[in-house]
$ cat query_21.cif   # mmCIF, all heavy atoms
data_data
loop_
_atom_site.label_atom_id
_atom_site.label_comp_id
_atom_site.auth_asym_id
_atom_site.auth_seq_id
_atom_site.Cartn_x
_atom_site.Cartn_y
_atom_site.Cartn_z
N MET A 8 12.25 -13.45 5.22
CA MET A 8 11.49 -12.89 4.12
C MET A 8 12.12 -13.38 2.83
O MET A 8 13.31 -13.24 2.63
CB MET A 8 11.49 -11.36 4.20
CG MET A 8 10.79 -10.70 3.02
SD MET A 8 10.83 -8.89 3.02
CE MET A 8 9.69 -8.52 4.31
N THR A 9 11.30 -13.92 1.97
CA THR A 9 11.80 -14.38 0.68
C THR A 9 11.95 -13.20 -0.27
O THR A 9 11.42 -12.11 -0.01
CB THR A 9 10.83 -15.40 0.05
OG1 THR A 9 9.62 -14.72 -0.28
CG2 THR A 9 10.56 -16.58 0.97
N ASN A 10 12.63 -13.42 -1.37
CA ASN A 10 12.80 -12.38 -2.37
C ASN A 10 11.43 -11.96 -2.94
O ASN A 10 11.18 -10.78 -3.17
CB ASN A 10 13.73 -12.85 -3.49
CG ASN A 10 14.11 -11.72 -4.42
OD1 ASN A 10 14.42 -10.63 -3.96
ND2 ASN A 10 14.06 -11.98 -5.71
N GLU A 11 10.55 -12.94 -3.12
CA GLU A 11 9.21 -12.65 -3.63
C GLU A 11 8.43 -11.77 -2.65
O GLU A 11 7.77 -10.81 -3.05
CB GLU A 11 8.46 -13.96 -3.88
CG GLU A 11 7.09 -13.76 -4.49
CD GLU A 11 6.39 -15.07 -4.77
OE1 GLU A 11 7.02 -15.95 -5.38
OE2 GLU A 11 5.22 -15.19 -4.36
N GLN A 12 8.53 -12.07 -1.38
CA GLN A 12 7.86 -11.27 -0.36
C GLN A 12 8.44 -9.85 -0.32
O GLN A 12 7.71 -8.88 -0.17
CB GLN A 12 7.99 -11.92 1.01
CG GLN A 12 7.19 -13.18 1.17
CD GLN A 12 7.53 -13.92 2.45
OE1 GLN A 12 8.69 -13.98 2.85
NE2 GLN A 12 6.51 -14.48 3.08
N PHE A 13 9.77 -9.76 -0.45
CA PHE A 13 10.42 -8.46 -0.46
C PHE A 13 9.95 -7.62 -1.63
O PHE A 13 9.62 -6.44 -1.47
CB PHE A 13 11.94 -8.64 -0.51
CG PHE A 13 12.69 -7.34 -0.62
CD1 PHE A 13 12.83 -6.52 0.49
CD2 PHE A 13 13.22 -6.93 -1.83
CE1 PHE A 13 13.51 -5.31 0.39
CE2 PHE A 13 13.90 -5.73 -1.94
CZ PHE A 13 14.03 -4.92 -0.82
N GLU A 14 9.90 -8.22 -2.82
CA GLU A 14 9.45 -7.49 -4.01
C GLU A 14 8.00 -7.05 -3.87
O GLU A 14 7.64 -5.94 -4.25
CB GLU A 14 9.64 -8.35 -5.27
CG GLU A 14 11.09 -8.53 -5.66
CD GLU A 14 11.80 -7.23 -5.98
OE1 GLU A 14 11.19 -6.32 -6.59
OE2 GLU A 14 12.97 -7.10 -5.59
N SER A 15 7.18 -7.92 -3.32
CA SER A 15 5.77 -7.59 -3.11
C SER A 15 5.64 -6.43 -2.13
O SER A 15 4.86 -5.48 -2.36
CB SER A 15 5.03 -8.81 -2.59
OG SER A 15 3.66 -8.55 -2.46
N GLN A 16 6.40 -6.47 -1.06
CA GLN A 16 6.39 -5.39 -0.06
C GLN A 16 6.84 -4.08 -0.69
O GLN A 16 6.26 -3.03 -0.45
CB GLN A 16 7.29 -5.75 1.12
CG GLN A 16 7.25 -4.76 2.25
CD GLN A 16 5.93 -4.76 2.99
OE1 GLN A 16 5.32 -5.80 3.16
NE2 GLN A 16 5.48 -3.61 3.41
N LYS A 17 7.87 -4.16 -1.50
CA LYS A 17 8.41 -2.96 -2.17
C LYS A 17 7.36 -2.35 -3.10
O LYS A 17 7.17 -1.12 -3.11
CB LYS A 17 9.67 -3.36 -2.95
CG LYS A 17 10.44 -2.20 -3.48
CD LYS A 17 11.81 -2.62 -4.00
CE LYS A 17 11.71 -3.50 -5.20
NZ LYS A 17 13.01 -3.74 -5.85
N GLN A 18 6.66 -3.19 -3.85
CA GLN A 18 5.61 -2.69 -4.75
C GLN A 18 4.48 -2.04 -3.96
O GLN A 18 3.98 -0.97 -4.34
CB GLN A 18 5.06 -3.85 -5.60
CG GLN A 18 6.04 -4.38 -6.61
CD GLN A 18 6.37 -3.38 -7.68
OE1 GLN A 18 5.51 -2.63 -8.13
NE2 GLN A 18 7.62 -3.35 -8.08
N TYR A 19 4.08 -2.68 -2.88
CA TYR A 19 3.01 -2.13 -2.04
C TYR A 19 3.41 -0.75 -1.50
O TYR A 19 2.65 0.21 -1.59
CB TYR A 19 2.72 -3.10 -0.89
CG TYR A 19 1.78 -2.54 0.15
CD1 TYR A 19 0.41 -2.51 -0.06
CD2 TYR A 19 2.27 -2.04 1.36
CE1 TYR A 19 -0.45 -2.00 0.89
CE2 TYR A 19 1.42 -1.53 2.32
CZ TYR A 19 0.06 -1.51 2.09
OH TYR A 19 -0.79 -0.99 3.03
N GLU A 20 4.62 -0.67 -0.95
CA GLU A 20 5.08 0.60 -0.37
C GLU A 20 5.19 1.70 -1.42
O GLU A 20 4.84 2.85 -1.15
CB GLU A 20 6.43 0.40 0.32
CG GLU A 20 6.36 -0.45 1.56
CD GLU A 20 5.45 0.12 2.63
OE1 GLU A 20 5.31 1.35 2.74
OE2 GLU A 20 4.88 -0.68 3.38
N ALA A 21 5.67 1.37 -2.60
CA ALA A 21 5.80 2.37 -3.67
C ALA A 21 4.43 2.92 -4.07
O ALA A 21 4.25 4.13 -4.20
CB ALA A 21 6.50 1.76 -4.88
N ARG A 22 3.49 2.03 -4.24
CA ARG A 22 2.15 2.46 -4.64
C ARG A 22 1.45 3.24 -3.53
O ARG A 22 0.80 4.25 -3.80
CB ARG A 22 1.34 1.26 -5.08
CG ARG A 22 1.73 0.83 -6.49
CD ARG A 22 1.33 -0.57 -6.81
NE ARG A 22 1.60 -0.95 -8.18
CZ ARG A 22 2.81 -1.19 -8.69
NH1 ARG A 22 3.88 -1.06 -7.95
NH2 ARG A 22 2.96 -1.54 -9.95
N MET A 23 1.60 2.78 -2.30
CA MET A 23 0.95 3.48 -1.20
C MET A 23 1.57 4.84 -0.95
O MET A 23 0.89 5.77 -0.51
CB MET A 23 0.97 2.63 0.07
CG MET A 23 0.01 1.45 0.02
SD MET A 23 -1.68 1.86 -0.48
CE MET A 23 -2.17 2.96 0.84
N SER A 24 2.83 5.01 -1.27
CA SER A 24 3.46 6.32 -1.15
C SER A 24 2.77 7.32 -2.07
O SER A 24 2.49 8.46 -1.68
CB SER A 24 4.94 6.20 -1.51
OG SER A 24 5.55 7.46 -1.51
N ILE A 25 2.47 6.89 -3.27
CA ILE A 25 1.75 7.75 -4.23
C ILE A 25 0.34 8.04 -3.72
O ILE A 25 -0.12 9.19 -3.76
CB ILE A 25 1.71 7.09 -5.62
CG1 ILE A 25 3.13 7.00 -6.18
CG2 ILE A 25 0.78 7.85 -6.56
CD1 ILE A 25 3.26 6.10 -7.40
N ILE A 26 -0.33 7.02 -3.22
CA ILE A 26 -1.70 7.18 -2.73
C ILE A 26 -1.73 8.12 -1.53
O ILE A 26 -2.62 8.98 -1.41
CB ILE A 26 -2.32 5.81 -2.39
CG1 ILE A 26 -2.37 4.90 -3.62
CG2 ILE A 26 -3.71 5.97 -1.79
CD1 ILE A 26 -3.07 5.49 -4.82
N ARG A 27 -0.74 8.02 -0.63
CA ARG A 27 -0.67 8.93 0.52
C ARG A 27 -0.48 10.38 0.05
O ARG A 27 -1.05 11.31 0.63
CB ARG A 27 0.44 8.52 1.47
CG ARG A 27 0.08 7.35 2.36
CD ARG A 27 1.10 7.10 3.45
NE ARG A 27 2.38 6.64 2.92
CZ ARG A 27 2.68 5.37 2.66
NH1 ARG A 27 1.78 4.42 2.87
NH2 ARG A 27 3.85 5.04 2.19
N ALA A 28 0.32 10.57 -0.99
CA ALA A 28 0.53 11.92 -1.54
C ALA A 28 -0.78 12.47 -2.09
O ALA A 28 -1.10 13.66 -1.89
CB ALA A 28 1.61 11.90 -2.61
N LEU A 29 -1.54 11.64 -2.78
CA LEU A 29 -2.83 12.08 -3.31
C LEU A 29 -3.78 12.47 -2.18
O LEU A 29 -4.50 13.46 -2.28
CB LEU A 29 -3.47 10.97 -4.16
CG LEU A 29 -2.75 10.61 -5.46
CD1 LEU A 29 -3.41 9.40 -6.10
CD2 LEU A 29 -2.72 11.79 -6.41
N LEU A 30 -3.74 11.70 -1.10
CA LEU A 30 -4.58 12.01 0.07
C LEU A 30 -4.17 13.35 0.69
O LEU A 30 -5.01 14.20 0.97
CB LEU A 30 -4.49 10.89 1.10
CG LEU A 30 -5.28 11.08 2.39
CD1 LEU A 30 -6.78 11.13 2.08
CD2 LEU A 30 -4.97 9.97 3.37
N ARG A 31 -2.87 13.54 0.88
CA ARG A 31 -2.38 14.81 1.47
C ARG A 31 -2.74 16.01 0.61
O ARG A 31 -3.01 17.09 1.13
CB ARG A 31 -0.85 14.75 1.63
CG ARG A 31 -0.39 14.01 2.86
CD ARG A 31 1.09 14.24 3.13
NE ARG A 31 1.94 13.95 2.00
CZ ARG A 31 2.47 12.76 1.71
NH1 ARG A 31 2.22 11.74 2.48
NH2 ARG A 31 3.25 12.62 0.66
N GLN A 32 -2.75 15.83 -0.70
CA GLN A 32 -3.07 16.93 -1.61
C GLN A 32 -4.57 17.14 -1.76
O GLN A 32 -5.00 18.07 -2.44
CB GLN A 32 -2.46 16.65 -2.99
CG GLN A 32 -0.95 16.65 -2.98
CD GLN A 32 -0.36 16.17 -4.30
OE1 GLN A 32 -1.05 16.09 -5.32
NE2 GLN A 32 0.91 15.82 -4.28
N GLY A 33 -5.35 16.29 -1.14
CA GLY A 33 -6.80 16.43 -1.19
C GLY A 33 -7.41 15.93 -2.48
O GLY A 33 -8.56 16.24 -2.79
N LEU A 34 -6.65 15.14 -3.24
CA LEU A 34 -7.16 14.65 -4.52
C LEU A 34 -8.01 13.39 -4.37
O LEU A 34 -8.76 13.04 -5.28
CB LEU A 34 -5.99 14.39 -5.48
CG LEU A 34 -5.18 15.66 -5.82
CD1 LEU A 34 -3.96 15.29 -6.64
CD2 LEU A 34 -6.04 16.66 -6.55
N ILE A 35 -7.88 12.72 -3.23
CA ILE A 35 -8.75 11.60 -2.89
C ILE A 35 -9.18 11.77 -1.44
O ILE A 35 -8.53 12.45 -0.66
CB ILE A 35 -8.06 10.22 -3.09
CG1 ILE A 35 -6.84 10.06 -2.17
CG2 ILE A 35 -7.70 9.98 -4.55
CD1 ILE A 35 -6.23 8.67 -2.17
N THR A 36 -10.28 11.13 -1.10
CA THR A 36 -10.79 11.21 0.27
C THR A 36 -10.19 10.10 1.13
O THR A 36 -9.60 9.15 0.61
CB THR A 36 -12.32 11.05 0.28
OG1 THR A 36 -12.64 9.73 -0.15
CG2 THR A 36 -13.01 12.09 -0.60
N GLN A 37 -10.38 10.20 2.43
CA GLN A 37 -9.91 9.16 3.34
C GLN A 37 -10.59 7.84 3.02
O GLN A 37 -9.97 6.78 3.07
CB GLN A 37 -10.16 9.57 4.79
CG GLN A 37 -9.64 8.55 5.80
CD GLN A 37 -8.13 8.43 5.80
OE1 GLN A 37 -7.44 9.43 5.85
NE2 GLN A 37 -7.62 7.21 5.74
N SER A 38 -11.86 7.91 2.68
CA SER A 38 -12.61 6.70 2.34
C SER A 38 -12.01 6.03 1.10
O SER A 38 -11.86 4.80 1.05
CB SER A 38 -14.07 7.05 2.10
OG SER A 38 -14.79 5.92 1.66
N GLU A 39 -11.69 6.83 0.09
CA GLU A 39 -11.06 6.29 -1.12
C GLU A 39 -9.69 5.69 -0.80
O GLU A 39 -9.34 4.62 -1.30
CB GLU A 39 -10.93 7.37 -2.19
CG GLU A 39 -12.26 7.81 -2.76
CD GLU A 39 -12.16 9.07 -3.60
OE1 GLU A 39 -11.38 9.98 -3.25
OE2 GLU A 39 -12.88 9.13 -4.62
N TYR A 40 -8.94 6.38 0.04
CA TYR A 40 -7.63 5.90 0.46
C TYR A 40 -7.77 4.53 1.13
O TYR A 40 -7.02 3.60 0.83
CB TYR A 40 -6.97 6.90 1.41
CG TYR A 40 -5.70 6.37 2.03
CD1 TYR A 40 -4.48 6.57 1.40
CD2 TYR A 40 -5.71 5.67 3.23
CE1 TYR A 40 -3.30 6.08 1.96
CE2 TYR A 40 -4.55 5.18 3.80
CZ TYR A 40 -3.35 5.39 3.15
OH TYR A 40 -2.19 4.89 3.69
N ASP A 41 -8.72 4.41 2.04
CA ASP A 41 -8.93 3.16 2.77
C ASP A 41 -9.28 2.02 1.82
O ASP A 41 -8.78 0.90 1.98
CB ASP A 41 -10.02 3.32 3.83
CG ASP A 41 -9.61 4.25 4.95
OD1 ASP A 41 -8.39 4.51 5.12
OD2 ASP A 41 -10.52 4.75 5.65
N LYS A 42 -10.11 2.28 0.83
CA LYS A 42 -10.49 1.25 -0.14
C LYS A 42 -9.29 0.82 -0.97
O LYS A 42 -9.08 -0.38 -1.20
CB LYS A 42 -11.59 1.78 -1.07
CG LYS A 42 -12.94 1.91 -0.41
CD LYS A 42 -13.94 2.50 -1.36
CE LYS A 42 -15.25 2.81 -0.63
NZ LYS A 42 -16.22 3.48 -1.50
N ILE A 43 -8.50 1.78 -1.41
CA ILE A 43 -7.30 1.47 -2.20
C ILE A 43 -6.31 0.67 -1.36
O ILE A 43 -5.75 -0.32 -1.83
CB ILE A 43 -6.66 2.76 -2.74
CG1 ILE A 43 -7.59 3.43 -3.75
CG2 ILE A 43 -5.29 2.47 -3.36
CD1 ILE A 43 -7.20 4.86 -4.10
N ASP A 44 -6.11 1.10 -0.13
CA ASP A 44 -5.18 0.41 0.75
C ASP A 44 -5.61 -1.05 0.95
O ASP A 44 -4.79 -1.96 0.90
CB ASP A 44 -5.07 1.13 2.09
CG ASP A 44 -4.07 0.50 3.02
OD1 ASP A 44 -3.01 0.04 2.54
OD2 ASP A 44 -4.33 0.47 4.23
N THR A 45 -6.88 -1.26 1.17
CA THR A 45 -7.39 -2.61 1.36
C THR A 45 -7.14 -3.47 0.12
O THR A 45 -6.71 -4.62 0.23
CB THR A 45 -8.90 -2.58 1.70
OG1 THR A 45 -9.07 -1.84 2.92
CG2 THR A 45 -9.47 -3.97 1.84
N LYS A 46 -7.39 -2.91 -1.05
CA LYS A 46 -7.17 -3.66 -2.29
C LYS A 46 -5.70 -3.98 -2.49
O LYS A 46 -5.34 -5.10 -2.85
CB LYS A 46 -7.72 -2.88 -3.49
CG LYS A 46 -9.22 -2.90 -3.56
CD LYS A 46 -9.73 -2.19 -4.78
CE LYS A 46 -11.25 -2.21 -4.78
NZ LYS A 46 -11.82 -1.59 -5.96
N PHE A 47 -4.84 -2.99 -2.29
CA PHE A 47 -3.40 -3.21 -2.47
C PHE A 47 -2.87 -4.19 -1.42
O PHE A 47 -2.03 -5.02 -1.72
CB PHE A 47 -2.62 -1.91 -2.41
CG PHE A 47 -2.70 -1.07 -3.66
CD1 PHE A 47 -2.21 0.22 -3.66
CD2 PHE A 47 -3.25 -1.55 -4.83
CE1 PHE A 47 -2.25 1.00 -4.80
CE2 PHE A 47 -3.31 -0.78 -5.98
CZ PHE A 47 -2.81 0.50 -5.96
N PHE A 48 -3.36 -4.08 -0.20
CA PHE A 48 -2.93 -4.98 0.87
C PHE A 48 -3.24 -6.43 0.48
O PHE A 48 -2.42 -7.32 0.64
CB PHE A 48 -3.63 -4.61 2.17
CG PHE A 48 -3.23 -5.44 3.34
CD1 PHE A 48 -2.02 -5.22 3.98
CD2 PHE A 48 -4.04 -6.47 3.80
CE1 PHE A 48 -1.63 -6.00 5.06
CE2 PHE A 48 -3.66 -7.25 4.89
CZ PHE A 48 -2.45 -7.01 5.52
N SER A 49 -4.41 -6.62 -0.06
CA SER A 49 -4.83 -7.95 -0.49
C SER A 49 -4.05 -8.40 -1.74
O SER A 49 -3.62 -9.55 -1.82
CB SER A 49 -6.32 -7.94 -0.79
OG SER A 49 -6.76 -9.21 -1.17
N LYS A 50 -3.88 -7.51 -2.68
CA LYS A 50 -3.19 -7.84 -3.93
C LYS A 50 -1.73 -8.22 -3.70
O LYS A 50 -1.25 -9.21 -4.26
CB LYS A 50 -3.26 -6.66 -4.89
CG LYS A 50 -2.53 -6.90 -6.20
CD LYS A 50 -2.63 -5.71 -7.13
CE LYS A 50 -1.88 -5.98 -8.41
NZ LYS A 50 -2.01 -4.88 -9.35
N TYR A 51 -1.04 -7.46 -2.88
CA TYR A 51 0.39 -7.68 -2.70
C TYR A 51 0.72 -8.60 -1.53
O TYR A 51 1.87 -8.95 -1.32
CB TYR A 51 1.11 -6.34 -2.55
CG TYR A 51 1.06 -5.55 -3.83
CD1 TYR A 51 0.22 -4.47 -3.97
CD2 TYR A 51 1.82 -5.94 -4.92
CE1 TYR A 51 0.14 -3.76 -5.15
CE2 TYR A 51 1.76 -5.25 -6.11
CZ TYR A 51 0.92 -4.15 -6.23
OH TYR A 51 0.84 -3.47 -7.41
N LYS A 52 -0.30 -9.00 -0.77
CA LYS A 52 -0.12 -9.92 0.35
C LYS A 52 1.09 -9.52 1.20
O LYS A 52 1.97 -10.31 1.51
CB LYS A 52 0.02 -11.35 -0.15
CG LYS A 52 -1.21 -11.83 -0.89
CD LYS A 52 -0.97 -13.16 -1.55
CE LYS A 52 -2.15 -13.62 -2.36
NZ LYS A 52 -2.51 -12.80 -3.47
N THR A 53 1.10 -8.25 1.53
CA THR A 53 2.22 -7.66 2.23
C THR A 53 2.33 -8.16 3.67
O THR A 53 1.34 -8.48 4.32
CB THR A 53 2.11 -6.13 2.20
OG1 THR A 53 3.22 -5.58 2.88
CG2 THR A 53 0.85 -5.64 2.83
N ILE A 54 3.54 -8.25 4.15
CA ILE A 54 3.80 -8.68 5.52
C ILE A 54 3.74 -7.49 6.47
O ILE A 54 3.08 -7.52 7.49
CB ILE A 54 5.19 -9.35 5.62
CG1 ILE A 54 5.19 -10.63 4.81
CG2 ILE A 54 5.54 -9.62 7.07
CD1 ILE A 54 6.55 -11.26 4.67
N PHE A 55 4.42 -6.42 6.11
CA PHE A 55 4.53 -5.27 7.00
C PHE A 55 3.43 -4.24 6.79
O PHE A 55 3.31 -3.32 7.58
CB PHE A 55 5.89 -4.59 6.83
CG PHE A 55 7.04 -5.50 7.17
CD1 PHE A 55 7.92 -5.91 6.19
CD2 PHE A 55 7.20 -5.96 8.46
CE1 PHE A 55 8.97 -6.75 6.50
CE2 PHE A 55 8.25 -6.81 8.78
CZ PHE A 55 9.13 -7.20 7.79
N GLY A 56 2.65 -4.38 5.76
CA GLY A 56 1.58 -3.43 5.51
C GLY A 56 0.61 -3.31 6.66
O GLY A 56 0.11 -2.25 6.97
N SER A 57 0.38 -4.42 7.35
CA SER A 57 -0.55 -4.39 8.48
C SER A 57 -0.03 -3.52 9.62
O SER A 57 -0.80 -3.01 10.41
CB SER A 57 -0.82 -5.81 8.97
OG SER A 57 0.37 -6.42 9.41
N LEU A 58 1.28 -3.33 9.70
CA LEU A 58 1.84 -2.45 10.73
C LEU A 58 1.50 -1.00 10.45
O LEU A 58 1.35 -0.20 11.37
CB LEU A 58 3.36 -2.60 10.80
CG LEU A 58 3.89 -3.96 11.21
CD1 LEU A 58 5.41 -3.98 11.09
CD2 LEU A 58 3.45 -4.29 12.62
N TYR A 59 1.38 -0.64 9.18
CA TYR A 59 1.10 0.74 8.80
C TYR A 59 -0.39 1.04 8.80
O TYR A 59 -0.78 2.18 8.86
CB TYR A 59 1.66 1.03 7.41
CG TYR A 59 3.13 0.83 7.31
CD1 TYR A 59 3.67 -0.18 6.53
CD2 TYR A 59 4.02 1.63 8.03
CE1 TYR A 59 5.04 -0.38 6.45
CE2 TYR A 59 5.38 1.44 7.95
CZ TYR A 59 5.89 0.44 7.16
OH TYR A 59 7.23 0.25 7.08
N ARG A 60 -1.20 0.03 8.68
CA ARG A 60 -2.64 0.20 8.57
C ARG A 60 -3.17 0.57 9.89
O ARG A 60 -3.80 1.03 10.51
CB ARG A 60 -3.30 -1.06 8.06
CG ARG A 60 -2.79 -1.41 6.70
CD ARG A 60 -3.35 -2.68 6.20
NE ARG A 60 -4.48 -2.30 5.37
CZ ARG A 60 -5.56 -2.99 5.21
NH1 ARG A 60 -5.70 -4.12 5.83
NH2 ARG A 60 -6.52 -2.59 4.44
#

$ encode --input "query_21.cif" --output "structure tokens"
Amino acid sequence: MTNEQFESQKQYEARMSIIRALLRQGLITQSEYDKIDTKFFSKYKTIFGSLYR
């Protein structure tokens, strides 16, 4: 894993942590969560994100 890939993965995980909290609190729906996850997955070109999806 390159440093760039690591930083991208870190950004993805940080943002998705916030999004998961919003989902747990009922502030967003599962459908909204899925859309956000798809966008972030594409934006950050994460390596390990597919394991969590």

$ atom_distance --input "query_21.cif" --atom1 "CA of Phe13 (chain A)" --atom2 "CA of Tyr51 (chain A)"
10.3 Å

$ closest_residue --input "query_21.cif" --among "A:Ser15, A:Ala21, A:Met8, A:Arg31" --to "Lys52 (chain A)" --atoms "all atoms listed in the file"
A:Ser15

$ residues_around --input "query_21.cif" --residues "Gln12 (chain A)" --least-positions-apart "2" --cutoff "12 Å" --atoms "only C-alpha atoms" --output "list in words"
Met8, Thr9, Asn10, Glu14, Ser15, Gln16, Lys17, Gln18, Tyr19, Tyr51, Lys52, Thr53, Ile54, Phe55 and Gly56 of chain A

$ axis_aligned_box --input "query_21.cif" --around "region 47-52 of chain A" --padding-each-side "4 Å" --output "lines of an AutoDock Vina configuration file"
center_x = -2.4
center_y = -6.3
center_z = -1.9
size_x = 16.7
size_y = 22.6
size_z = 22.9
